[in-house]
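Visitor: Contents of run_23.txt (compact mmCIF, C-alpha atoms) are given next:
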```
# COMPACT_ATOMS: atom_id res chain seq x y z
CA MET A 2 -4.26 23.34 3.24
CA ILE A 3 -6.49 20.43 4.08
CA ALA A 4 -8.89 20.29 6.97
CA GLY A 5 -7.02 20.81 10.20
CA GLY A 6 -4.01 22.47 8.57
CA ILE A 7 -2.25 19.60 6.80
CA PRO A 8 -0.67 20.99 3.62
CA LEU A 9 -1.16 18.92 0.50
CA GLY A 10 2.62 18.97 0.06
CA ASP A 11 3.11 16.88 3.20
CA VAL A 12 0.69 14.25 1.93
CA LEU A 13 2.34 14.11 -1.49
CA LEU A 14 5.79 13.92 0.08
CA ALA A 15 4.85 11.04 2.36
CA SER A 16 3.15 9.18 -0.45
CA GLY A 17 6.09 9.75 -2.82
CA ALA A 18 8.53 8.45 -0.21
CA LEU A 19 6.42 5.36 0.42
CA PHE A 20 6.09 4.72 -3.31
CA VAL A 21 9.85 4.97 -3.88
CA ILE A 22 10.56 2.67 -0.92
CA GLY A 23 8.11 0.16 -2.37
CA LEU A 24 9.65 0.47 -5.84
CA VAL A 25 13.17 -0.06 -4.52
CA GLY A 26 11.98 -3.04 -2.53
CA ALA A 27 10.22 -4.54 -5.55
CA LEU A 28 13.39 -4.14 -7.61
CA LEU A 29 15.98 -5.30 -5.08
CA ARG A 30 14.29 -8.05 -3.11
CA ARG A 31 14.73 -11.58 -4.41
CA ASN A 32 11.95 -13.24 -2.50
CA ALA A 33 8.66 -13.32 -4.41
CA ILE A 34 6.56 -12.67 -1.30
CA SER A 35 8.72 -9.68 -0.32
CA ILE A 36 8.28 -8.28 -3.83
CA PHE A 37 4.54 -8.74 -3.44
CA LEU A 38 4.65 -6.88 -0.10
CA SER A 39 6.50 -4.01 -1.76
CA ILE A 40 3.80 -3.83 -4.42
CA GLU A 41 1.17 -3.63 -1.66
CA LEU A 42 3.13 -0.75 -0.15
CA MET A 43 3.16 1.08 -3.51
CA MET A 44 -0.59 0.61 -3.76
CA ASN A 45 -0.99 2.16 -0.32
CA ALA A 46 1.14 5.12 -1.36
CA ALA A 47 -1.21 5.67 -4.31
CA ASN A 48 -4.19 5.41 -1.94
CA LEU A 49 -2.64 8.08 0.28
CA THR A 50 -2.33 10.44 -2.70
CA VAL A 51 -5.95 9.86 -3.70
CA LEU A 52 -7.16 10.51 -0.14
CA GLY A 53 -5.02 13.63 0.12
CA TYR A 54 -6.57 15.09 -3.00
CA ALA A 55 -10.03 13.94 -1.91
CA ALA A 56 -9.60 15.84 1.36
CA SER A 57 -8.13 18.84 -0.42
CA LEU A 58 -10.97 19.03 -2.96
CA GLN A 59 -13.58 17.98 -0.37
CA ASN A 60 -14.83 15.27 -2.69
CA LEU A 61 -15.98 11.93 -1.33
CA GLU A 62 -15.52 10.12 -4.66
CA GLY A 63 -11.86 9.67 -3.75
CA GLN A 64 -12.80 7.66 -0.67
CA VAL A 65 -15.03 5.42 -2.78
CA VAL A 66 -12.20 4.82 -5.24
CA VAL A 67 -9.81 3.91 -2.41
CA PHE A 68 -12.44 1.54 -0.99
CA PHE A 69 -12.56 -0.27 -4.34
CA VAL A 70 -8.78 -0.35 -4.59
CA ILE A 71 -8.51 -1.99 -1.16
CA ALA A 72 -11.12 -4.60 -2.08
CA ILE A 73 -9.32 -5.37 -5.33
CA ALA A 74 -6.04 -5.60 -3.41
CA ALA A 75 -7.63 -8.27 -1.23
CA ALA A 76 -8.64 -10.28 -4.30
CA GLU A 77 -5.20 -9.80 -5.82
CA ALA A 78 -3.46 -10.93 -2.63
CA ALA A 79 -5.57 -14.10 -2.48
CA VAL A 80 -4.83 -15.07 -6.08
CA GLY A 81 -1.17 -14.03 -5.87
CA LEU A 82 -0.51 -16.06 -2.76
CA ALA A 83 -2.27 -19.05 -4.31
CA ILE A 84 0.08 -18.70 -7.30
CA PHE A 85 3.05 -18.66 -4.93
CA ILE A 86 1.83 -21.80 -3.21
CA ALA A 87 1.42 -23.55 -6.57
CA LEU A 88 4.85 -22.29 -7.63
CA PHE A 89 6.47 -23.48 -4.43
CA ARG A 90 4.87 -26.88 -4.82
CA HIS A 91 6.25 -27.05 -8.35
CA THR A 92 9.79 -25.66 -7.94
CA GLU A 93 10.43 -25.88 -4.14
CA THR A 94 11.50 -22.23 -4.09
CA ILE A 95 10.04 -18.74 -4.41
CA ASP A 96 13.37 -17.06 -5.04
CA VAL A 97 12.81 -15.12 -8.26
CA ASN A 98 16.41 -15.70 -9.35
CA ARG A 99 15.78 -19.41 -9.52
CA ILE A 100 12.41 -19.23 -11.25
CA ASN A 101 13.55 -18.76 -14.82
CA LEU A 102 11.31 -21.03 -16.85
CA LEU A 103 9.87 -18.15 -18.89
CA LYS A 104 13.05 -16.10 -19.01
CA TRP A 105 14.63 -15.56 -22.44
CA MET B 78 5.80 28.18 5.39
CA ALA B 79 2.55 26.68 6.53
CA ALA B 80 1.62 26.98 10.15
CA LEU B 81 2.41 24.07 12.42
CA THR B 82 -0.90 22.95 13.78
CA ALA B 83 -1.40 20.00 16.09
CA THR B 84 -3.13 18.04 13.32
CA ARG B 85 -0.24 18.60 10.99
CA LEU B 86 2.23 17.47 13.61
CA VAL B 87 0.30 14.26 14.23
CA PHE B 88 -0.01 13.66 10.49
CA ASP B 89 3.72 14.17 9.97
CA ALA B 90 4.53 11.87 12.88
CA ALA B 91 2.25 9.16 11.51
CA ALA B 92 3.69 9.55 8.01
CA THR B 93 7.25 9.38 9.37
CA LEU B 94 6.40 6.23 11.30
CA ALA B 95 4.90 4.70 8.15
CA ILE B 96 7.99 5.59 6.11
CA VAL B 97 10.43 4.29 8.74
CA PHE B 98 8.66 0.94 9.06
CA ALA B 99 8.30 0.67 5.29
CA SER B 100 12.09 1.06 5.07
CA VAL B 101 12.47 -1.63 7.74
CA MET B 102 10.20 -3.83 5.62
CA VAL B 103 12.42 -3.40 2.57
CA ILE B 104 15.74 -3.68 4.40
CA HIS B 105 14.94 -6.67 6.59
CA ARG B 106 15.89 -9.97 5.01
CA HIS B 107 13.60 -12.15 7.04
CA PRO B 108 10.16 -12.22 5.30
CA VAL B 109 8.14 -12.68 8.51
CA LYS B 110 9.74 -9.62 10.10
CA SER B 111 9.11 -7.73 6.85
CA VAL B 112 5.40 -8.49 7.12
CA LEU B 113 5.29 -7.41 10.77
CA ALA B 114 7.02 -4.13 9.91
CA LEU B 115 4.48 -3.56 7.15
CA VAL B 116 1.64 -4.10 9.65
CA VAL B 117 3.01 -1.26 11.78
CA SER B 118 3.42 0.88 8.67
CA PHE B 119 -0.21 0.29 7.65
CA PHE B 120 -1.43 1.15 11.15
CA ALA B 121 0.43 4.46 10.93
CA LEU B 122 -1.10 5.04 7.49
CA SER B 123 -4.56 4.48 8.93
CA ILE B 124 -3.87 7.28 11.46
CA ALA B 125 -2.99 9.47 8.50
CA TYR B 126 -6.25 8.49 6.79
CA VAL B 127 -8.25 9.55 9.87
CA LEU B 128 -6.56 12.95 9.76
CA LEU B 129 -7.41 13.25 6.06
CA SER B 130 -11.08 13.00 7.15
CA ALA B 131 -11.51 9.46 5.80
CA PRO B 132 -12.42 7.43 8.92
CA LEU B 133 -14.20 4.76 6.88
CA ILE B 134 -11.08 4.08 4.83
CA ALA B 135 -8.98 4.08 8.00
CA ALA B 136 -11.18 1.37 9.49
CA VAL B 137 -11.08 -0.64 6.26
CA GLN B 138 -7.31 -0.22 6.18
CA VAL B 139 -6.91 -1.72 9.64
CA ILE B 140 -9.51 -4.47 9.23
CA VAL B 141 -8.84 -5.57 5.64
CA TYR B 142 -5.21 -4.64 5.03
CA ALA B 143 -3.48 -5.05 8.37
CA GLY B 144 -5.99 -7.58 9.63
CA ALA B 145 -6.77 -9.83 6.71
CA ILE B 146 -4.31 -9.41 3.85
CA LEU B 147 -1.12 -9.28 5.89
CA VAL B 148 -2.26 -12.14 8.12
CA LEU B 149 -2.81 -14.11 4.90
CA PHE B 150 0.79 -13.28 3.96
CA LEU B 151 1.97 -14.50 7.37
CA PHE B 152 0.04 -17.75 6.98
CA VAL B 153 1.55 -18.40 3.55
CA LEU B 154 5.06 -17.55 4.78
CA MET B 155 4.75 -19.99 7.64
CA LEU B 156 3.17 -22.61 5.39
CA LEU B 157 6.02 -22.40 2.89
CA ASN B 158 8.72 -21.96 5.55
CA VAL B 159 10.48 -19.31 3.45
CA PRO B 160 14.15 -18.94 4.42
CA GLU B 161 16.00 -15.71 4.99
CA GLU B 162 17.36 -14.12 1.83
CA ALA B 163 21.03 -14.55 1.01
CA ARG B 164 23.07 -11.50 1.94
CA HIS B 165 24.80 -11.11 -1.40
CA GLY B 166 23.50 -11.15 -4.93
CA SER B 167 20.57 -8.87 -4.27
CA GLY B 168 19.41 -7.68 -7.64
CA ARG B 169 20.80 -7.67 -11.12
CA PRO B 170 22.67 -4.51 -12.22
CA ILE B 171 19.64 -3.24 -14.13
CA HIS B 172 17.57 -3.45 -10.94
CA ARG B 173 20.15 -1.47 -8.98
CA ILE B 174 20.32 1.19 -11.70
CA LEU B 175 16.54 1.46 -11.82
CA SER B 176 16.20 1.78 -8.05
CA ALA B 177 18.93 4.42 -7.98
CA ALA B 178 17.02 6.27 -10.71
CA ALA B 179 13.81 6.05 -8.67
CA ILE B 180 15.53 7.52 -5.61
CA LEU B 181 17.01 10.26 -7.81
CA VAL B 182 13.60 11.17 -9.25
CA PHE B 183 12.20 11.33 -5.72
CA ALA B 184 15.07 13.58 -4.61
CA VAL B 185 14.35 15.97 -7.51
CA PHE B 186 10.68 15.94 -6.56
CA LEU B 187 11.60 16.70 -2.94
CA LEU B 188 13.86 19.59 -3.94
CA SER B 189 11.30 21.14 -6.25
CA LEU B 190 8.65 20.80 -3.54
CA LEU B 191 10.91 22.49 -0.99
CA ARG B 192 11.70 25.33 -3.40
CA SER B 193 8.08 25.98 -4.30
CA HIS B 194 6.98 25.76 -0.67
CA GLY B 195 5.10 28.90 0.28
CA ALA B 196 5.17 30.26 -3.25
CA THR B 197 2.26 28.16 -4.42
CA ALA B 198 -0.18 27.77 -1.58
CA SER B 199 -2.29 24.64 -1.74
CA PRO B 200 -6.01 25.38 -2.05
CA ALA B 201 -7.23 26.27 1.41
CA VAL B 202 -10.40 24.56 2.46
CA GLY B 203 -12.33 24.71 5.71
CA ALA B 204 -12.56 21.84 8.11
CA SER B 205 -15.02 19.22 7.01
CA ALA B 206 -17.94 17.99 9.05
CA GLY B 207 -17.46 15.50 11.89
CA GLY B 208 -16.31 11.94 11.30
CA GLY B 209 -19.78 10.41 11.60
CA ALA B 210 -21.18 12.65 8.90
CA ASP B 211 -18.25 11.74 6.63
CA VAL B 212 -18.91 8.03 7.02
CA ALA B 213 -22.62 8.49 6.37
CA ALA B 214 -22.00 10.58 3.27
CA ALA B 215 -19.39 8.17 1.90
CA ALA B 216 -21.69 5.22 2.54
CA ARG B 217 -24.58 7.00 0.82
CA LEU B 218 -22.37 7.61 -2.21
CA LEU B 219 -21.16 4.01 -2.18
CA PHE B 220 -24.64 2.52 -2.04
CA SER B 221 -26.38 4.87 -4.44
CA GLU B 222 -24.15 6.03 -7.27
CA HIS B 223 -21.63 3.17 -7.07
CA LEU B 224 -24.02 0.39 -6.14
CA LEU B 225 -23.41 -1.54 -9.36
CA SER B 226 -19.63 -1.38 -8.90
CA PHE B 227 -20.07 -2.49 -5.30
CA GLU B 228 -22.07 -5.54 -6.36
CA ALA B 229 -19.60 -6.29 -9.16
CA LEU B 230 -16.90 -6.21 -6.49
CA SER B 231 -18.59 -9.03 -4.60
CA VAL B 232 -18.60 -11.11 -7.80
CA LEU B 233 -14.91 -10.29 -8.27
CA LEU B 234 -14.11 -11.45 -4.73
CA LEU B 235 -16.03 -14.65 -5.35
CA ALA B 236 -14.09 -15.21 -8.58
CA ALA B 237 -10.82 -14.59 -6.72
CA LEU B 238 -11.87 -17.09 -4.06
CA VAL B 239 -12.62 -19.78 -6.64
CA GLY B 240 -9.45 -18.94 -8.56
CA ALA B 241 -7.27 -19.10 -5.46
CA PHE B 242 -8.79 -22.43 -4.52
CA ALA B 243 -8.25 -23.85 -8.01
CA LEU B 244 -4.64 -22.59 -8.12
CA ALA B 245 -3.57 -23.76 -4.69
CA ARG B 246 -5.16 -27.21 -4.97
CA PRO B 247 -2.68 -30.09 -5.22
CA GLU B 248 -2.38 -31.39 -8.78
CA THR B 249 -2.93 -35.01 -7.79
CA GLN B 250 -6.59 -34.36 -7.03
CA ARG B 251 -7.38 -33.29 -10.59
```
The structure given in the file should be rewritten as structure tokens.

Guide:
Amino acid sequence: MIAGGIPLGDVLLASGALFVIGLVGALLRRNAISIFLSIELMMNAANLTVLGYAASLQNLEGQVVVFFVIAIAAAEAAVGLAIFIALFRHTETIDVNRINLLKW
Amino acid sequence: MAALTATRLVFDAAATLAIVFASVMVIHRHPVKSVLALVVSFFALSIAYVLLSAPLIAAVQVIVYAGAILVLFLFVLMLLNVPEEARHGSGRPIHRILSAAAILVFAVFLLSLLRSHGATASPAVGASAGGGADVAAAARLLFSEHLLSFEALSVLLLAALVGAFALARPETQR
């Protein structure tokens, strides 16, 4: 039971559901930006788990870790989107089925 | 079965909203609508963060994630004019098998959680101090014990900025 009567099970369930939705999206979507969005969703599911345990254990370190994860996600999004722009300029598409230069 | 308190109800509602809009994000084939659905999902998640006594992270979630990162996605989508995905040919067979396996694993997790519900009570803790005290304590931790990591983070963001600029620059200017 976390502060206010939220069971840890609810938090884990929500975060597991979000993670699976993100995983399915990352596997099934064909658009590189949609795959990237799904990865962001999975990262948020992980953040939710960390915050749930931080609240359950009454430890503020979890919040600090999530703060760093969000900042790193911002850096990752900037670089990833720049890669997509460069890719689009090069191949005129960001459909991952048609980007097969490094595929064996 | 745990008691249904008002906080739990609000948390469950926010989590359900987040899950529903995350599903919309995955199902929708138009990338711009996907991003907008994810914005709603992240707002719902920030409500959940407030209830988990992390108001600082909730604010950062709204400002940085929903406000900055997803708007950046929208800008790039509109810049590239990404078309809607084709209806057929979504995923190679291996991808479908793997996503089915992921859903299966989650279903097993759900069942085991439902079976063990009530048997193993989560550690009960008292309500934490008010939101303001939480923010102050988290900030003190961030700027004392993790000060070096915080400063390293600013260098990382600068490196990402330079890297993004170098990557997205047209090749003719080199």

Visitor: Separation of CA of Leu28 in chain A and CA of His172 in chain B, in Å?

Guide: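 Spanning CA of Leu28 in chain A to CA of His172 in chain B is a straight-line distance of 5.4 Å.
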
Visitor: Taking all atoms listed in the file into account, produce a table as a tab-separated table in which each residue of range 7-101 of chain A with an atom at most 9 Å from an atom of range 187-190 of chain B appears once, together with its shortest atom pair and the distance in Å to one decimal, ordered by chain and rising number.

Guide:
```
residue	atom	partner	partner_atom	distance
A:Gly10	CA	B:Leu190	CA	7.3
A:Leu14	CA	B:Leu187	CA	7.1
A:Gly17	CA	B:Leu187	CA	8.9
```

Visitor: Could you save the residues just selected, with C-alpha atoms, as a short mmCIF file (atom, residue, chain, number, x, y, z; two decimals), keeping the file's coordinate frame?

Guide:
```
data_model
loop_
_atom_site.label_atom_id
_atom_site.label_comp_id
_atom_site.auth_asym_id
_atom_site.auth_seq_id
_atom_site.Cartn_x
_atom_site.Cartn_y
_atom_site.Cartn_z
CA GLY A 10 2.62 18.97 0.06
CA LEU A 14 5.79 13.92 0.08
CA GLY A 17 6.09 9.75 -2.82
#
```

Visitor: With all atoms listed in the file as the atoms that count, which of A:Glu62, A:Val25, A:Phe20, A:Met44 lies nearest to Leu175 in chain B?

Guide: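 Of all the options, A:Val25 lies closest to Leu175 in chain B.
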
Visitor: With distances taken over all atoms listed in the file, which residue among B:Ser176, B:Ile124, B:Ile140, B:Leu133 lies nearest chain A?

Guide: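 Smallest distance to chain A is found for B:Ser176.
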
Visitor: One decimal, in Å: what's the spacing between CA of Ile134 in chain B and CA of Asn45 in chain A?

Guide: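 Distance reported for this atom pair: 11.5 Å.
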
Visitor: Quote the spacing between CA of Phe89 in chain A and CA of Ala243 in chain B in Å to one decimal place.

Guide: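 Distance between the two atoms: 15.2 Å.
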
Visitor: Select, from B:Val127, B:Ile146, B:Met155, B:Val116, the residue with the minimum atom-to-atom distance to chain A, counting only C-alpha atoms.

Guide: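 Closest residue, counting only C-alpha atoms: B:Ile146.
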
Visitor: For Ile71 in chain A, which residue out of B:Ala214, B:Ala236, B:Val141, B:Ala229 is the nearest one, using only C-alpha atoms?

Guide: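 Ranking B:Ala214, B:Ala236, B:Val141, B:Ala229 by distance to Ile71 in chain A, first place goes to B:Val141.
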
Visitor: Kindly indicate which residue among B:Leu128, B:Val182, B:Leu147, B:Phe120 lies nearest to Arg85 in chain B, using all atoms listed in the file for the distances.

Guide: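 The shortest atom-to-atom distance to Arg85 in chain B comes from B:Leu128.
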
Visitor: Find, counting all atoms listed in the file, the residue in A:Ile95, A:Ala78, A:Leu103, A:Val12 that gets nearest to Asn32 in chain A.

Guide: A:Ile95

Visitor: Listing only residues of range 2-93 of chain A within 10 Å of range 91-101 of chain B, what is the closest atom pair and its distance in Å (to one decimal) for each, using only C-alpha atoms, sorted by chain and residue number ascending, as JSON lines?

Guide:
```
{"residue": "A:Asp11", "atom": "CA", "partner": "B:Ala92", "partner_atom": "CA", "distance": 8.8}
{"residue": "A:Val12", "atom": "CA", "partner": "B:Ala92", "partner_atom": "CA", "distance": 8.2}
{"residue": "A:Leu14", "atom": "CA", "partner": "B:Ala92", "partner_atom": "CA", "distance": 9.3}
{"residue": "A:Ala15", "atom": "CA", "partner": "B:Ala92", "partner_atom": "CA", "distance": 6.0}
{"residue": "A:Ser16", "atom": "CA", "partner": "B:Ala92", "partner_atom": "CA", "distance": 8.5}
{"residue": "A:Ala18", "atom": "CA", "partner": "B:Ile96", "partner_atom": "CA", "distance": 7.0}
{"residue": "A:Leu19", "atom": "CA", "partner": "B:Ile96", "partner_atom": "CA", "distance": 5.9}
{"residue": "A:Phe20", "atom": "CA", "partner": "B:Ile96", "partner_atom": "CA", "distance": 9.6}
{"residue": "A:Ile22", "atom": "CA", "partner": "B:Ser100", "partner_atom": "CA", "distance": 6.4}
{"residue": "A:Gly23", "atom": "CA", "partner": "B:Ala99", "partner_atom": "CA", "distance": 7.7}
{"residue": "A:Val25", "atom": "CA", "partner": "B:Ser100", "partner_atom": "CA", "distance": 9.7}
{"residue": "A:Gly26", "atom": "CA", "partner": "B:Ser100", "partner_atom": "CA", "distance": 8.6}
{"residue": "A:Leu38", "atom": "CA", "partner": "B:Ala99", "partner_atom": "CA", "distance": 10.0}
{"residue": "A:Ser39", "atom": "CA", "partner": "B:Ala99", "partner_atom": "CA", "distance": 8.7}
{"residue": "A:Leu42", "atom": "CA", "partner": "B:Ala99", "partner_atom": "CA", "distance": 7.6}
```

Visitor: With C-alpha atoms retained, write the just-selected residues as a PDB file, in the frame of the given file.

Guide:
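File produced: again_33.pdb:
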```
ATOM      1  CA  ASP A  11       3.110  16.880   3.200  1.00  0.00           C
ATOM      2  CA  VAL A  12       0.690  14.250   1.930  1.00  0.00           C
ATOM      3  CA  LEU A  14       5.790  13.920   0.080  1.00  0.00           C
ATOM      4  CA  ALA A  15       4.850  11.040   2.360  1.00  0.00           C
ATOM      5  CA  SER A  16       3.150   9.180  -0.450  1.00  0.00           C
ATOM      6  CA  ALA A  18       8.530   8.450  -0.210  1.00  0.00           C
ATOM      7  CA  LEU A  19       6.420   5.360   0.420  1.00  0.00           C
ATOM      8  CA  PHE A  20       6.090   4.720  -3.310  1.00  0.00           C
ATOM      9  CA  ILE A  22      10.560   2.670  -0.920  1.00  0.00           C
ATOM     10  CA  GLY A  23       8.110   0.160  -2.370  1.00  0.00           C
ATOM     11  CA  VAL A  25      13.170  -0.060  -4.520  1.00  0.00           C
ATOM     12  CA  GLY A  26      11.980  -3.040  -2.530  1.00  0.00           C
ATOM     13  CA  LEU A  38       4.650  -6.880  -0.100  1.00  0.00           C
ATOM     14  CA  SER A  39       6.500  -4.010  -1.760  1.00  0.00           C
ATOM     15  CA  LEU A  42       3.130  -0.750  -0.150  1.00  0.00           C
TER      16      LEU A  42
END
```

Visitor: Using all atoms listed in the file - which residues lie no farther than 9 Å from the point (-8.9, 10.0, 2.3) in the file's frame? Write them as a PDB file with C-alpha atoms, keeping the file's coordinate frame.

Guide:
```pdb
ATOM      1  CA  ASN A  48      -4.190   5.410  -1.940  1.00  0.00           C
ATOM      2  CA  LEU A  49      -2.640   8.080   0.280  1.00  0.00           C
ATOM      3  CA  THR A  50      -2.330  10.440  -2.700  1.00  0.00           C
ATOM      4  CA  VAL A  51      -5.950   9.860  -3.700  1.00  0.00           C
ATOM      5  CA  LEU A  52      -7.160  10.510  -0.140  1.00  0.00           C
ATOM      6  CA  GLY A  53      -5.020  13.630   0.120  1.00  0.00           C
ATOM      7  CA  TYR A  54      -6.570  15.090  -3.000  1.00  0.00           C
ATOM      8  CA  ALA A  55     -10.030  13.940  -1.910  1.00  0.00           C
ATOM      9  CA  ALA A  56      -9.600  15.840   1.360  1.00  0.00           C
ATOM     10  CA  LEU A  61     -15.980  11.930  -1.330  1.00  0.00           C
ATOM     11  CA  GLY A  63     -11.860   9.670  -3.750  1.00  0.00           C
ATOM     12  CA  GLN A  64     -12.800   7.660  -0.670  1.00  0.00           C
ATOM     13  CA  VAL A  67      -9.810   3.910  -2.410  1.00  0.00           C
TER      14      VAL A  67
ATOM     15  CA  ALA B 125      -2.990   9.470   8.500  1.00  0.00           C
ATOM     16  CA  TYR B 126      -6.250   8.490   6.790  1.00  0.00           C
ATOM     17  CA  VAL B 127      -8.250   9.550   9.870  1.00  0.00           C
ATOM     18  CA  LEU B 128      -6.560  12.950   9.760  1.00  0.00           C
ATOM     19  CA  LEU B 129      -7.410  13.250   6.060  1.00  0.00           C
ATOM     20  CA  SER B 130     -11.080  13.000   7.150  1.00  0.00           C
ATOM     21  CA  ALA B 131     -11.510   9.460   5.800  1.00  0.00           C
ATOM     22  CA  PRO B 132     -12.420   7.430   8.920  1.00  0.00           C
ATOM     23  CA  LEU B 133     -14.200   4.760   6.880  1.00  0.00           C
ATOM     24  CA  ILE B 134     -11.080   4.080   4.830  1.00  0.00           C
ATOM     25  CA  ALA B 135      -8.980   4.080   8.000  1.00  0.00           C
TER      26      ALA B 135
END
```

Visitor: Excluding Leu149 in chain B and its own-chain neighbours fewer than 3 positions away, which residues fall within 12 Å of it when counting all atoms listed in the file? Please give them as number ranges by chain.

Guide: A: 34, 38, 75-83; B: 109, 112, 116, 141-146, 152-156

Visitor: For Pro247 in chain B, work out the shell of residues within 12 Å, counting only C-alpha atoms and skipping chain neighbours fewer than 6 positions away, then give it as a list in words.

Guide: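 The contact residues come out as Ala83, Ile84, Ile86, Ala87, Leu88, Phe89, Arg90 and His91 of chain A; Ala241 of chain B.
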